[in-house]
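One file, start.cif, is given below (mmCIF, C-alpha atoms).
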```cif
data_target
loop_
_atom_site.label_atom_id
_atom_site.label_comp_id
_atom_site.auth_asym_id
_atom_site.auth_seq_id
_atom_site.Cartn_x
_atom_site.Cartn_y
_atom_site.Cartn_z
CA MET A 9 0.00 0.00 0.00
CA THR A 10 1.57 3.32 -1.10
CA ASN A 11 1.53 6.52 0.88
CA GLU A 12 -0.97 9.07 -0.35
CA THR A 13 -1.52 12.64 0.76
CA ALA A 14 -4.86 14.42 0.71
CA ILE A 15 -4.99 18.21 0.61
CA ILE A 16 -8.17 19.51 2.25
CA GLU A 17 -9.52 23.00 1.62
CA ILE A 18 -12.28 24.31 3.90
CA ARG A 19 -13.93 27.67 3.16
CA ALA A 20 -16.63 29.50 5.08
CA GLY A 21 -19.78 29.95 3.00
CA ALA A 22 -23.11 31.60 3.74
CA GLY A 23 -23.61 32.73 7.32
CA GLY A 24 -20.94 35.32 8.13
CA GLU A 25 -18.94 34.74 11.33
CA GLU A 26 -21.02 31.67 12.20
CA ALA A 27 -19.94 30.10 8.89
CA ALA A 28 -16.30 30.83 9.78
CA LEU A 29 -16.79 29.19 13.18
CA PHE A 30 -18.34 26.17 11.45
CA ALA A 31 -15.34 25.98 9.10
CA ALA A 32 -13.12 25.87 12.20
CA ALA A 33 -15.31 23.13 13.70
CA LEU A 34 -14.98 21.06 10.51
CA TYR A 35 -11.22 21.50 10.58
CA ARG A 36 -11.12 20.32 14.20
CA MET A 37 -13.35 17.34 13.30
CA TYR A 38 -11.05 16.22 10.50
CA SER A 39 -7.94 16.89 12.57
CA ARG A 40 -9.22 14.75 15.44
CA TYR A 41 -10.21 12.02 12.97
CA ALA A 42 -6.71 12.15 11.46
CA GLN A 43 -5.20 11.75 14.92
CA SER A 44 -7.34 8.67 15.55
CA GLN A 45 -6.10 7.20 12.25
CA GLY A 46 -2.46 7.94 12.98
CA TRP A 47 -2.13 10.25 9.98
CA GLN A 48 0.43 13.02 9.71
CA GLN A 49 -1.13 16.46 9.32
CA ARG A 50 0.16 19.91 8.47
CA VAL A 51 -1.54 23.27 7.88
CA LEU A 52 -0.54 24.80 4.54
CA ASP A 53 -2.48 28.07 4.75
CA SER A 54 -5.18 29.68 6.86
CA LYS A 55 -7.17 32.90 7.11
CA PRO A 56 -8.40 33.14 10.73
CA THR A 57 -11.10 35.48 12.01
CA GLY A 58 -11.19 37.47 15.22
CA LEU A 59 -13.63 35.10 16.97
CA GLY A 60 -11.67 31.91 16.37
CA GLY A 61 -13.13 30.89 13.03
CA PHE A 62 -11.56 30.48 9.60
CA LYS A 63 -12.50 32.19 6.37
CA GLU A 64 -10.35 29.50 4.80
CA ILE A 65 -7.95 26.80 5.94
CA VAL A 66 -5.89 24.42 3.79
CA PHE A 67 -4.13 21.43 5.28
CA GLU A 68 -2.70 18.08 4.26
CA LEU A 69 -3.28 14.61 5.68
CA LYS A 70 -0.66 11.99 4.91
CA ASN A 71 -0.66 8.21 5.23
CA SER A 72 -1.41 5.05 3.27
CA ASP A 73 -5.20 5.51 3.19
CA ALA A 74 -5.70 9.23 3.87
CA PHE A 75 -7.06 10.13 0.43
CA SER A 76 -9.04 6.90 0.08
CA LYS A 77 -11.00 7.68 3.24
CA MET A 78 -11.30 11.45 2.75
CA GLN A 79 -12.09 11.60 -0.97
CA TYR A 80 -15.88 11.68 -0.54
CA GLU A 81 -15.89 14.61 1.92
CA GLY A 82 -15.87 17.21 -0.87
CA GLY A 83 -18.96 19.40 -1.23
CA VAL A 84 -21.07 21.82 0.79
CA HIS A 85 -21.57 21.06 4.48
CA ARG A 86 -24.50 22.77 6.22
CA VAL A 87 -24.91 23.41 9.94
CA GLN A 88 -28.11 24.20 11.84
CA ARG A 89 -27.51 25.40 15.39
CA ILE A 90 -27.93 28.29 17.82
CA PRO A 91 -24.80 30.47 17.54
CA LYS A 92 -23.08 31.58 20.73
CA THR A 93 -23.80 35.18 19.71
CA GLU A 94 -27.55 34.53 19.28
CA LYS A 95 -29.47 36.15 22.16
CA LEU A 96 -33.01 35.06 21.20
CA GLY A 97 -32.31 31.34 20.92
CA ARG A 98 -32.97 31.16 17.19
CA VAL A 99 -31.48 28.39 15.07
CA HIS A 100 -29.26 29.69 12.27
CA THR A 101 -28.23 27.89 9.08
CA SER A 102 -24.69 28.34 7.77
CA THR A 103 -22.49 26.54 5.28
CA ALA A 104 -18.87 25.73 4.56
CA SER A 105 -17.41 24.11 1.46
CA VAL A 106 -14.85 21.32 1.51
CA ALA A 107 -12.59 20.32 -1.38
CA VAL A 108 -10.44 17.19 -1.25
CA LEU A 109 -7.46 17.04 -3.59
CA LEU A 110 -4.90 14.31 -4.14
CA LYS A 111 -1.38 15.65 -3.71
CA PRO A 112 0.50 14.77 -6.89
CA LYS A 113 3.59 12.62 -6.93
CA GLY A 114 6.73 14.12 -8.38
CA THR A 115 6.03 12.86 -11.90
CA ASP A 116 2.30 13.70 -12.03
CA VAL A 117 2.57 17.46 -12.55
CA LYS A 118 5.37 19.37 -14.23
CA ILE A 119 5.35 23.15 -13.78
CA ASN A 120 7.54 25.46 -15.81
CA PRO A 121 9.02 28.11 -13.47
CA ASN A 122 8.53 30.65 -16.27
CA ASP A 123 4.77 30.08 -15.99
CA LEU A 124 4.70 31.36 -12.40
CA LYS A 125 4.17 34.88 -11.06
CA ILE A 126 5.35 35.01 -7.44
CA ASP A 127 4.48 37.85 -5.07
CA VAL A 128 5.65 38.17 -1.46
CA PHE A 129 3.95 40.19 1.26
CA LYS A 130 3.62 40.50 5.03
CA SER A 131 1.53 37.88 6.80
CA SER A 132 -1.79 39.14 8.15
CA GLY A 133 -3.93 37.92 11.01
CA PRO A 134 -7.61 38.36 11.98
CA GLY A 135 -8.98 41.67 10.72
CA GLY A 136 -6.15 42.06 8.24
CA GLN A 137 -3.49 43.41 10.62
CA ASN A 138 0.11 42.55 9.87
CA VAL A 139 1.49 39.90 12.22
CA ASN A 140 4.99 39.72 10.80
CA LYS A 141 7.32 42.61 10.01
CA ARG A 142 9.17 40.51 7.42
CA MET A 143 7.90 39.61 3.94
CA THR A 144 7.25 35.90 4.56
CA ALA A 145 3.86 35.32 2.94
CA VAL A 146 3.71 34.26 -0.71
CA ARG A 147 1.14 34.34 -3.51
CA ILE A 148 1.72 32.28 -6.65
CA THR A 149 -0.20 32.72 -9.92
CA HIS A 150 -0.02 29.97 -12.55
CA LEU A 151 -0.28 32.03 -15.72
CA PRO A 152 -1.48 29.30 -18.16
CA THR A 153 -4.48 28.34 -15.99
CA GLY A 154 -5.04 31.51 -13.96
CA LEU A 155 -4.95 29.51 -10.71
CA VAL A 156 -3.87 31.57 -7.70
CA VAL A 157 -2.69 30.12 -4.37
CA ALA A 158 -1.17 31.66 -1.26
CA SER A 159 0.42 30.63 2.01
CA GLN A 160 1.30 32.65 5.09
CA THR A 161 1.16 30.07 7.89
CA GLU A 162 4.92 29.73 8.46
CA ARG A 163 7.38 32.41 9.50
CA ASP A 164 9.77 31.32 6.77
CA LEU A 165 9.30 32.51 3.19
CA GLN A 166 10.74 29.35 1.62
CA GLN A 167 8.44 27.10 3.66
CA ASN A 168 5.41 29.16 2.68
CA LYS A 169 6.51 28.94 -0.95
CA GLU A 170 6.74 25.14 -0.68
CA ASN A 171 3.29 25.01 0.93
CA ALA A 172 1.80 27.17 -1.82
CA MET A 173 3.41 25.01 -4.51
CA SER A 174 1.88 21.88 -2.91
CA ILE A 175 -1.58 23.46 -3.13
CA LEU A 176 -0.98 24.66 -6.69
CA GLU A 177 0.21 21.25 -7.90
CA ALA A 178 -2.87 19.55 -6.40
CA ARG A 179 -5.22 22.05 -8.05
CA ILE A 180 -3.50 21.68 -11.43
CA LEU A 181 -3.78 17.88 -11.16
CA GLU A 182 -7.49 18.15 -10.28
CA LYS A 183 -8.08 20.48 -13.24
CA LYS A 184 -6.22 18.12 -15.57
CA GLN A 185 -8.19 15.08 -14.36
CA LEU A 186 -11.54 16.85 -14.73
CA GLU A 187 -10.71 17.99 -18.25
CA GLU A 188 -9.75 14.44 -19.22
CA GLU A 189 -12.96 13.04 -17.70
CA GLU A 190 -15.08 15.56 -19.60
CA LYS A 191 -13.47 14.53 -22.87
CA ILE A 192 -14.45 10.92 -22.18
CA SER A 193 -18.07 11.54 -21.18
CA GLY A 194 -18.83 15.23 -21.10
CA GLU A 195 -22.31 15.60 -19.65
CA ARG A 196 -21.95 13.25 -16.68
CA ASN A 197 -18.54 14.46 -15.62
CA ALA A 198 -19.49 18.10 -16.08
CA GLN A 199 -22.19 17.39 -13.51
CA ILE A 200 -19.65 15.77 -11.18
CA LYS A 201 -17.31 18.74 -11.59
CA TRP A 202 -20.09 21.07 -10.50
CA ALA A 203 -21.04 18.82 -7.62
CA LYS A 204 -17.55 18.64 -6.17
CA ARG A 205 -17.65 22.29 -5.22
CA ALA A 206 -21.35 23.14 -5.03
CA GLU A 207 -23.50 20.19 -3.99
CA LYS A 208 -24.87 20.06 -0.45
CA ILE A 209 -23.72 16.70 0.82
CA ARG A 210 -24.29 16.80 4.57
CA THR A 211 -26.29 18.60 7.27
CA TYR A 212 -25.19 18.91 10.90
CA ASN A 213 -28.36 19.54 12.93
CA PHE A 214 -27.43 20.31 16.54
CA PRO A 215 -30.97 20.73 17.99
CA GLN A 216 -31.87 17.25 16.69
CA ASP A 217 -28.47 15.73 17.59
CA ARG A 218 -27.97 14.27 14.11
CA VAL A 219 -25.77 14.41 11.04
CA THR A 220 -27.49 13.54 7.76
CA ASP A 221 -25.58 12.54 4.65
CA HIS A 222 -27.87 13.42 1.75
CA ARG A 223 -26.11 11.19 -0.76
CA ILE A 224 -27.03 7.99 1.05
CA LYS A 225 -30.09 9.47 2.80
CA LYS A 226 -28.94 8.28 6.20
CA SER A 227 -28.70 10.04 9.57
CA PHE A 228 -26.11 9.45 12.28
CA TYR A 229 -26.69 10.49 15.88
CA ASN A 230 -24.52 11.79 18.75
CA ILE A 231 -23.36 14.88 16.87
CA GLU A 232 -20.90 15.94 19.57
CA ALA A 233 -18.95 12.69 19.15
CA ILE A 234 -18.93 13.10 15.36
CA MET A 235 -17.67 16.68 15.65
CA ASP A 236 -14.98 15.35 17.98
CA GLY A 237 -13.60 13.24 15.14
CA LYS A 238 -15.52 9.98 15.46
CA LEU A 239 -16.15 9.79 11.71
CA GLU A 240 -15.25 6.18 11.00
CA PRO A 241 -18.84 4.76 11.07
CA LEU A 242 -20.05 7.52 8.73
CA ILE A 243 -17.13 7.22 6.32
CA LYS A 244 -17.36 3.43 6.30
CA LYS A 245 -21.10 3.43 5.54
CA LEU A 246 -20.68 6.10 2.85
CA THR A 247 -17.83 4.25 1.14
CA GLN A 248 -19.71 0.95 1.20
CA PHE A 249 -22.70 2.58 -0.46
CA LEU A 250 -20.75 4.43 -3.13
CA LEU A 251 -18.87 1.28 -4.12
CA CYS A 252 -22.07 -0.76 -4.40
CA PRO A 253 -23.34 -0.86 -8.03
CA GLU A 254 -26.82 -2.04 -6.94
CA CYS A 255 -27.10 0.87 -4.50
CA ILE A 256 -26.12 3.35 -7.22
CA GLU A 257 -28.67 1.81 -9.58
CA ARG A 258 -31.50 2.11 -7.05
CA GLN A 259 -30.76 5.70 -6.05
CA TRP A 260 -29.73 7.11 -9.44
CA PRO A 261 -31.30 5.05 -12.27
CA LYS A 262 -30.18 5.75 -15.80
CA GLN A 263 -32.08 8.32 -17.83
CA ASN A 264 -31.94 7.98 -21.62
CA GLY A 265 -29.12 5.49 -21.23
CA ARG A 266 -26.99 7.83 -19.13
CA ARG A 267 -26.56 8.08 -15.37
CA ILE A 268 -26.13 11.58 -13.92
CA LEU A 269 -24.64 11.51 -10.42
CA PRO A 270 -25.46 14.65 -8.38
CA ILE A 271 -22.61 14.02 -5.94
CA SER A 272 -18.89 14.34 -5.55
CA THR A 273 -17.22 11.02 -6.35
CA ASN A 274 -14.15 9.25 -7.59
CA TYR A 275 -15.94 6.04 -8.53
CA SER A 276 -14.35 3.22 -10.39
CA ARG A 277 -15.64 3.51 -13.97
CA LYS A 278 -16.93 -0.08 -13.97
CA ASN A 279 -19.33 0.80 -11.14
CA ILE A 280 -21.08 3.70 -12.85
CA SER A 281 -21.37 2.76 -16.50
#
```
As C-alpha cells, the full file:
Amino acid sequence: MTNETAIIEIRAGAGGEEAALFAAALYRMYSRYAQSQGWQQRVLDSKPTGLGGFKEIVFELKNSDAFSKMQYEGGVHRVQRIPKTEKLGRVHTSTASVAVLLKPKGTDVKINPNDLKIDVFKSSGPGGQNVNKRMTAVRITHLPTGLVVASQTERDLQQNKENAMSILEARILEKKQLEEEEKISGERNAQIKWAKRAEKIRTYNFPQDRVTDHRIKKSFYNIEAIMDGKLEPLIKKLTQFLLCPECIERQWPKQNGRRILPISTNYSRKNIS
C-alpha cells in the first residue's frame, strides 16, 4: 500500500462569522479524525477570524489511506444550530465548502518556473493586521491556468513557498483530471465537476443531535462525538454505499441510457457505466 496525501480546503460559505466558526469546527473534526487514524497532518495556509473561526484553511493529511477515506468529503456542508452570539435562541443555518485534492507525486505534474508569477507580502492575522514585520507570505499565480494560491502560515518565506506550490500542484492535477474526464463523457462528468464544489452533501443539525448525509439518505446520531472526530462509522457506511453498483442503480437510475450523479465522487468507472 503506497503513501498518499490528501490536501483539504475548507472555506466559510453563507452565514458570516457563524460560517467561519463552522469551518473551524470542521477542521477540528477532520484533525481529530486524522489523529485517531495515525495520519500526519500539516496546515498549509489559513485565514483566521477574530472570533476563532476560519475564512479558509488548507491542510494536508498523509498516510497510506488518507485520500481513500477522505475523498468523498468534498462538497457543501450545512450546519443548523444556535450560535453563541444569538441572544433570542434562534437556530441559524450556515455553510462551509470542503474540497479534497490528491497531492501529486513528483512525476504527475510538471510546472515550468517561467509560468509562475510570485508575489511576497507581510503575513496578516484576523482583521487584516500585519502579524509579521518581514515579507514571509507568498502568492503564486499559474499564468497558463489563472490559478492563484497563497500561504502565510509559516514564519519562513521558503516554507510558505513550498506550501503554496503543494496546493498549486494539487489544483492543477485536479483540473487536468476533470478535463480528461469531460473529454471521455462530457455531460456526466461536467455534472460531477459542478457537484464537487457546489452540492450540499451533509447537514449537521445540533438541535436534533444528528448528522445527515444526503447522498445515502442516512442520519447518524450523537453529533458531539462526530464533531470530535468519530467519523469512522459515517465514512465506512458512505464508502460501502458508493462502491455498491446495486445501490447506485437504485438511487440514481439511468435516464436515456446515461446516469447523472449529483454528488462528488471518484468512482471506479466499472461501477457507474
Exercise for the section: For the structure provided, state which residues fall under the PyMOL selection byres ((chain A and resi 25) around 9), and present them as a count of residues only. Expected result: 13
Problem - Coordinates-based distance that separates atom CA of Val99 of chain A from atom CA of Phe67 of chain A (Å, one decimal) - result: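 Result for atom CA of Phe67 of chain A versus atom CA of Val99 of chain A: 29.9 Å, one decimal.
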Practice task
Evaluate the PyMOL selection byres ((chain A and resi 69) around 6) and record the selected residues as JSON, numbers by chain, following the chain and residue labels used in the document.
Solution key: {"A": [13, 14, 48, 49, 68, 70]}
Practice task
Take atom CA of Gly83 of chain A and atom CA of Ala145 of chain A and report the distance between them in Å, one decimal.
Solution key: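 Taking atom CA of Gly83 of chain A and atom CA of Ala145 of chain A, their separation equals 28.1 Å.
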Problem - Residues matched by the PyMOL selection byres ((chain A and resi 169) around 12), written as a ChimeraX atom specification - result: /A:52-53,124-129,143-149,157-168,170-176
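A straight line drawn from atom CA of Leu181 of chain A to atom CA of Ile65 of chain A is 19.7 Å long.
For the residues A:Ile180, A:Ile18, A:Val51, A:Leu109, ranking by smallest atom-to-atom distance to Ser76 of chain A using only C-alpha atoms places A:Leu109 first.
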Practice task
Would you kindly return, as a PyMOL selection string, each protein, DNA or RNA residue with an atom no farther than 9 Å from any atom of Leu242 of chain A, considering only C-alpha atoms and excluding same-chain residues fewer than 5 positions away?
Solution key: chain A and resi 221+228+234+247
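Using all atoms listed in the file for every distance, the candidate list A:Asn71, A:Ser132, A:Ser105, A:Thr93 yields A:Ser132 as the residue closest to Ser54 of chain A.
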